[in-house]
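Novice: Below you'll find the structure I mean.
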Amino acid sequence: MRYALGIEYDGSGFLGWQRLSHGDSVQGAVEAALASILQHEVDAVCAGRTDAGVHATQQVVHLETTVERSLRAFVEGTNTRLPPSVRVLWAQPVADAFHARHSARARRYRYRLLNRRVRPALMREHLSWEPRPLDAEAMHRAAQALLGENDFSAFRTAQCQARHPMRDLHTITVRREDDQVIVEVQANAFLHHMVRNIVGSLMVIGRGERPESWVAELLAGRDRTVAGPTAPAAGLTFLGPRYPHAWALPEAVSLPADWIDRPRPLAVLPYADIDA
């Protein structure tokens, strides 16, 4: 049988999602806990890999097993074997055709940035920090130039393993909540460091160092070397993938009922939806 699980985690103490031989990973912790419940090795395939220090509120994985366990065992039993920074939120059986990565039509991220003169004492592993004033409205207006299917080479790390730089950016918003500037973005998939590189460039505009038109120029120029710096990992949280309602998954990871499926770019490599 194939099962899907929703997982949240604090990425501060991990080297990222991917299983590693030289350090702690979220995948390693999840697979070890599930193996203890199922009494066999487990390969947990995720919707989108996250890098070191990046968090998740609704990571989705799928796994296969011939062992019968209750959904309560998948959730509560697995959680008793996980570190406090990782929790299974839900579990359910899915059709054999379901794939945590390939069945997703969208992925969402949130970036939180503390914008005040003093560094944070609280939530410092979940916030980036910028002491200089930021114009969130200017950042939002500039970001709208990124919407649609575009070549995002200007916001792609040199180590990115994706086959091509084309991505379809569905929405991007920048807003201020008290002393925090929050960037939320949804796309069909992301390139390595794409969100953090976009945020880094928007911060340059927010500080008034570049005009709002600069983001459109960067996108058209496709040159990573002239774009803004990569924003720190601590501010980034993977809000999860989104799937068509036909998969009958929880609302938190389902697309709106009125979603119109858009043509997807050419097939991407398994690593194409990394973002950190």
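Letters for chains follow the order of the structure tokens (A, B, ...), residue numbers begin at 1 for each chain, and ligand numbers begin at 1 in the order shown.
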List the neighbours of Arg117 of chain A out to 9 Å using only C-alpha atoms; skip same-chain residues closer than 5 positions along the sequence, and give me the result as a list in words.

Specialist: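 That gives Trp129, Glu130, Pro131, Arg132 and Pro133 of chain A.
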
Novice: I need the residues from that last selection saved to file as a compact mmCIF listing (two decimals), in the first residue's frame (with C-alpha atoms), if you can.

Specialist:
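As a result, selection.txt now contains:
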```txt
# COMPACT_ATOMS: atom_id res chain seq x y z
CA TRP A 129 17.05 40.35 10.07
CA GLU A 130 17.51 43.67 8.32
CA PRO A 131 18.27 46.76 10.45
CA ARG A 132 17.76 49.30 7.67
CA PRO A 133 14.18 50.43 6.88
```

Novice: Just the residues within 12 Å of His193 of chain A, please, counting only C-alpha atoms, with nothing from its chain fewer than 4 positions along; format it as an NGL selection string.

Specialist: :A and (49-52 or 54 or 109 or 152-162 or 189 or 197-200 or 224 or 229-233 or 236 or 271-276)

Novice: I need the residues in segment 80-260 of chain A that are strand (DSSP E) according to DSSP; give them as a ChimeraX atom specification.

Specialist: /A:86-94,106-114,128-129,148-151,166-177,180-187,236-242

Novice: So which residues touch Asp178 of chain A within 10 Å, counting only C-alpha atoms, skipping near sequence neighbours fewer than 2 positions away, as JSON, numbers by chain?

Specialist: {"A": [114, 115, 116, 175, 176, 180, 181]}

Novice: Could you write out that same residue set with N, CA and C atoms as a CSV table (one decimal), in the first residue's frame?

Specialist:
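The resulting file, out-v3.csv, is shown below:
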```
chain,number,residue,atom,x,y,z
A,114,LEU,N,12.7,40.2,10.0
A,114,LEU,CA,12.6,41.2,11.1
A,114,LEU,C,13.2,42.5,10.7
A,115,ASN,N,12.5,43.6,10.6
A,115,ASN,CA,13.0,44.8,10.1
A,115,ASN,C,13.0,45.9,11.2
A,116,ARG,N,14.0,45.8,12.0
A,116,ARG,CA,14.2,46.8,13.1
A,116,ARG,C,15.7,46.9,13.4
A,175,ARG,N,4.3,42.0,2.3
A,175,ARG,CA,3.5,42.8,3.2
A,175,ARG,C,4.3,43.1,4.5
A,176,ARG,N,3.9,44.1,5.2
A,176,ARG,CA,4.4,44.4,6.5
A,176,ARG,C,3.4,44.1,7.6
A,180,GLN,N,7.8,43.2,11.0
A,180,GLN,CA,8.2,42.1,10.1
A,180,GLN,C,7.8,42.4,8.7
A,181,VAL,N,8.6,42.0,7.7
A,181,VAL,CA,8.3,42.1,6.3
A,181,VAL,C,8.2,40.6,5.9
```

Novice: Could you check the closest approach to Ala95 of chain A for each of A:Gly53, A:His62, A:Asp261, A:Ala138 and tell me which residue wins, using only C-alpha atoms?

Specialist: A:His62

Novice: Within segment 15-175 of chain A, find each residue whose DSSP state, derived from the backbone, is alpha helix (DSSP H), and express the selection as a PDB file with C-alpha atoms, in the first residue's frame.

Specialist:
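This went into result-v7.pdb:
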```
ATOM      1  CA  VAL A  26      14.957  15.401   8.417  1.00  0.00           C
ATOM      2  CA  GLN A  27      14.557  12.524   5.973  1.00  0.00           C
ATOM      3  CA  GLY A  28      16.879  10.357   8.044  1.00  0.00           C
ATOM      4  CA  ALA A  29      14.895  11.052  11.225  1.00  0.00           C
ATOM      5  CA  VAL A  30      11.550  10.389   9.532  1.00  0.00           C
ATOM      6  CA  GLU A  31      12.669   7.189   7.832  1.00  0.00           C
ATOM      7  CA  ALA A  32      14.215   5.816  11.034  1.00  0.00           C
ATOM      8  CA  ALA A  33      11.010   6.466  12.970  1.00  0.00           C
ATOM      9  CA  LEU A  34       8.821   4.902  10.289  1.00  0.00           C
ATOM     10  CA  ALA A  35      11.143   1.913  10.004  1.00  0.00           C
ATOM     11  CA  SER A  36      10.689   1.306  13.713  1.00  0.00           C
ATOM     12  CA  ILE A  37       6.901   1.302  13.281  1.00  0.00           C
ATOM     13  CA  LEU A  38       6.822  -0.810  10.115  1.00  0.00           C
ATOM     14  CA  LEU A  71      -3.394   5.670  10.698  1.00  0.00           C
ATOM     15  CA  ARG A  72      -3.074   6.403  14.402  1.00  0.00           C
ATOM     16  CA  THR A  78       5.926   7.654  14.523  1.00  0.00           C
ATOM     17  CA  ASN A  79       5.907  10.849  16.588  1.00  0.00           C
ATOM     18  CA  ALA A 136       7.434  46.658   1.696  1.00  0.00           C
ATOM     19  CA  GLU A 137       5.018  48.291  -0.752  1.00  0.00           C
ATOM     20  CA  ALA A 138       7.816  49.021  -3.219  1.00  0.00           C
ATOM     21  CA  MET A 139       9.066  45.467  -2.843  1.00  0.00           C
ATOM     22  CA  HIS A 140       5.579  44.120  -3.564  1.00  0.00           C
ATOM     23  CA  ARG A 141       5.147  46.245  -6.668  1.00  0.00           C
ATOM     24  CA  ALA A 142       8.557  45.234  -7.998  1.00  0.00           C
ATOM     25  CA  ALA A 143       7.903  41.545  -7.363  1.00  0.00           C
TER      26      ALA A 143
END
```

Novice: Residues at most 12 Å from segment 166-169 of chain A, counting only C-alpha atoms, excluding those fewer than 2 positions away in the same chain, as a count of residues only?

Specialist: 49

Novice: Work out how far apart atom CA of Ile7 of chain A and atom CA of Val61 of chain A are and give it in Å to one decimal.

Specialist: 7.8 Å

Novice: Ranking A:Trp214, A:Trp247, A:Phe238, A:Trp259 by minimum distance to Trp17 of chain A and counting only C-alpha atoms, which one comes first?

Specialist: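 With only C-alpha atoms as the atom set, the closest residue is A:Phe238.
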
Novice: Closest to His245 of chain A among A:Thr225, A:Asp10, A:Ser103, A:Ala220, using only C-alpha atoms?

Specialist: A:Ser103

Novice: Taking only C-alpha atoms into account, which of A:Leu82, A:Leu5, A:Ala104, A:Ala97 comes nearest Leu63 of chain A?

Specialist: A:Leu5

Novice: Show me, as a PDB file with N, CA, C and O atoms, in the first residue's frame, the residues that have an atom within 12 Å of Met123 of chain A when counting only C-alpha atoms, minus same-chain residues fewer than 2 positions from it.

Specialist:
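Saved as around.pdb:
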```pdb
ATOM      1  N   ASP A  10      11.188  21.877  12.353  1.00  0.00           N
ATOM      2  CA  ASP A  10      12.093  23.004  12.569  1.00  0.00           C
ATOM      3  C   ASP A  10      13.436  22.572  11.998  1.00  0.00           C
ATOM      4  O   ASP A  10      14.069  21.638  12.501  1.00  0.00           O
ATOM      5  N   SER A  12      16.288  23.990  12.040  1.00  0.00           N
ATOM      6  CA  SER A  12      17.488  24.591  12.624  1.00  0.00           C
ATOM      7  C   SER A  12      18.584  23.585  12.942  1.00  0.00           C
ATOM      8  O   SER A  12      19.767  23.875  12.779  1.00  0.00           O
ATOM      9  N   ARG A 112      10.144  35.278   6.335  1.00  0.00           N
ATOM     10  CA  ARG A 112       9.907  36.289   7.367  1.00  0.00           C
ATOM     11  C   ARG A 112      11.203  37.025   7.678  1.00  0.00           C
ATOM     12  O   ARG A 112      12.232  36.405   7.944  1.00  0.00           O
ATOM     13  N   LEU A 113      11.092  38.330   7.701  1.00  0.00           N
ATOM     14  CA  LEU A 113      12.260  39.173   7.879  1.00  0.00           C
ATOM     15  C   LEU A 113      11.941  40.210   8.958  1.00  0.00           C
ATOM     16  O   LEU A 113      10.988  40.968   8.837  1.00  0.00           O
ATOM     17  N   LEU A 114      12.715  40.206  10.020  1.00  0.00           N
ATOM     18  CA  LEU A 114      12.556  41.199  11.079  1.00  0.00           C
ATOM     19  C   LEU A 114      13.243  42.486  10.654  1.00  0.00           C
ATOM     20  O   LEU A 114      14.444  42.502  10.404  1.00  0.00           O
ATOM     21  N   ARG A 119      18.690  43.098  16.695  1.00  0.00           N
ATOM     22  CA  ARG A 119      18.556  41.692  16.319  1.00  0.00           C
ATOM     23  C   ARG A 119      17.511  40.993  17.190  1.00  0.00           C
ATOM     24  O   ARG A 119      17.306  41.375  18.341  1.00  0.00           O
ATOM     25  N   PRO A 120      16.881  39.940  16.679  1.00  0.00           N
ATOM     26  CA  PRO A 120      15.873  39.245  17.480  1.00  0.00           C
ATOM     27  C   PRO A 120      16.507  38.391  18.579  1.00  0.00           C
ATOM     28  O   PRO A 120      17.556  37.777  18.382  1.00  0.00           O
ATOM     29  N   ALA A 121      15.831  38.354  19.717  1.00  0.00           N
ATOM     30  CA  ALA A 121      16.195  37.408  20.769  1.00  0.00           C
ATOM     31  C   ALA A 121      15.298  36.182  20.677  1.00  0.00           C
ATOM     32  O   ALA A 121      15.734  35.056  20.893  1.00  0.00           O
ATOM     33  N   GLU A 125      15.797  31.669  15.011  1.00  0.00           N
ATOM     34  CA  GLU A 125      16.052  30.625  14.023  1.00  0.00           C
ATOM     35  C   GLU A 125      14.979  30.603  12.936  1.00  0.00           C
ATOM     36  O   GLU A 125      15.058  29.814  12.001  1.00  0.00           O
ATOM     37  N   HIS A 126      13.964  31.464  13.098  1.00  0.00           N
ATOM     38  CA  HIS A 126      12.858  31.486  12.142  1.00  0.00           C
ATOM     39  C   HIS A 126      12.682  32.847  11.484  1.00  0.00           C
ATOM     40  O   HIS A 126      11.722  33.055  10.757  1.00  0.00           O
ATOM     41  N   LEU A 127      13.597  33.747  11.745  1.00  0.00           N
ATOM     42  CA  LEU A 127      13.535  35.089  11.179  1.00  0.00           C
ATOM     43  C   LEU A 127      14.880  35.485  10.594  1.00  0.00           C
ATOM     44  O   LEU A 127      15.924  35.205  11.173  1.00  0.00           O
ATOM     45  N   SER A 128      14.821  36.140   9.453  1.00  0.00           N
ATOM     46  CA  SER A 128      15.997  36.852   8.964  1.00  0.00           C
ATOM     47  C   SER A 128      15.952  38.242   9.601  1.00  0.00           C
ATOM     48  O   SER A 128      14.976  38.590  10.271  1.00  0.00           O
ATOM     49  N   TRP A 129      16.992  39.039   9.406  1.00  0.00           N
ATOM     50  CA  TRP A 129      17.047  40.348  10.067  1.00  0.00           C
ATOM     51  C   TRP A 129      17.648  41.387   9.145  1.00  0.00           C
ATOM     52  O   TRP A 129      18.653  41.129   8.480  1.00  0.00           O
ATOM     53  N   ALA A 234      17.410  31.117   7.555  1.00  0.00           N
ATOM     54  CA  ALA A 234      16.575  31.078   8.753  1.00  0.00           C
ATOM     55  C   ALA A 234      15.175  31.634   8.533  1.00  0.00           C
ATOM     56  O   ALA A 234      14.230  31.198   9.183  1.00  0.00           O
ATOM     57  N   GLY A 235      15.019  32.585   7.620  1.00  0.00           N
ATOM     58  CA  GLY A 235      13.707  33.190   7.429  1.00  0.00           C
ATOM     59  C   GLY A 235      12.747  32.385   6.581  1.00  0.00           C
ATOM     60  O   GLY A 235      11.578  32.750   6.443  1.00  0.00           O
TER      61      GLY A 235
END
```

Novice: Could you check how far atom CA of Ser213 of chain A sits from atom CA of Val183 of chain A, in Å to one decimal?

Specialist: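 These two atoms are separated by 18.2 Å.
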
Novice: Just give me the gap between atom CA of Leu20 of chain A and atom CA of Val67 of chain A in Å, one decimal is fine.

Specialist: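 Going from atom CA of Leu20 of chain A over to atom CA of Val67 of chain A, I get 26.1 Å.
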
Novice: Which residues are near Ala91 of chain A? Cut-off 10 Å, only C-alpha atoms, ignore same chain within fewer than 2 positions. Put them as a list of chain:residue names.

Specialist: A:Tyr3, A:Ala4, A:Leu5, A:Gly6, A:Ile7, A:Val60, A:Val61, A:His62, A:Ser70, A:Leu71, A:Arg72, A:Ala73, A:Phe74, A:Val75, A:Val88, A:Leu89, A:Pro93, A:Val94, A:Leu249, A:Pro250
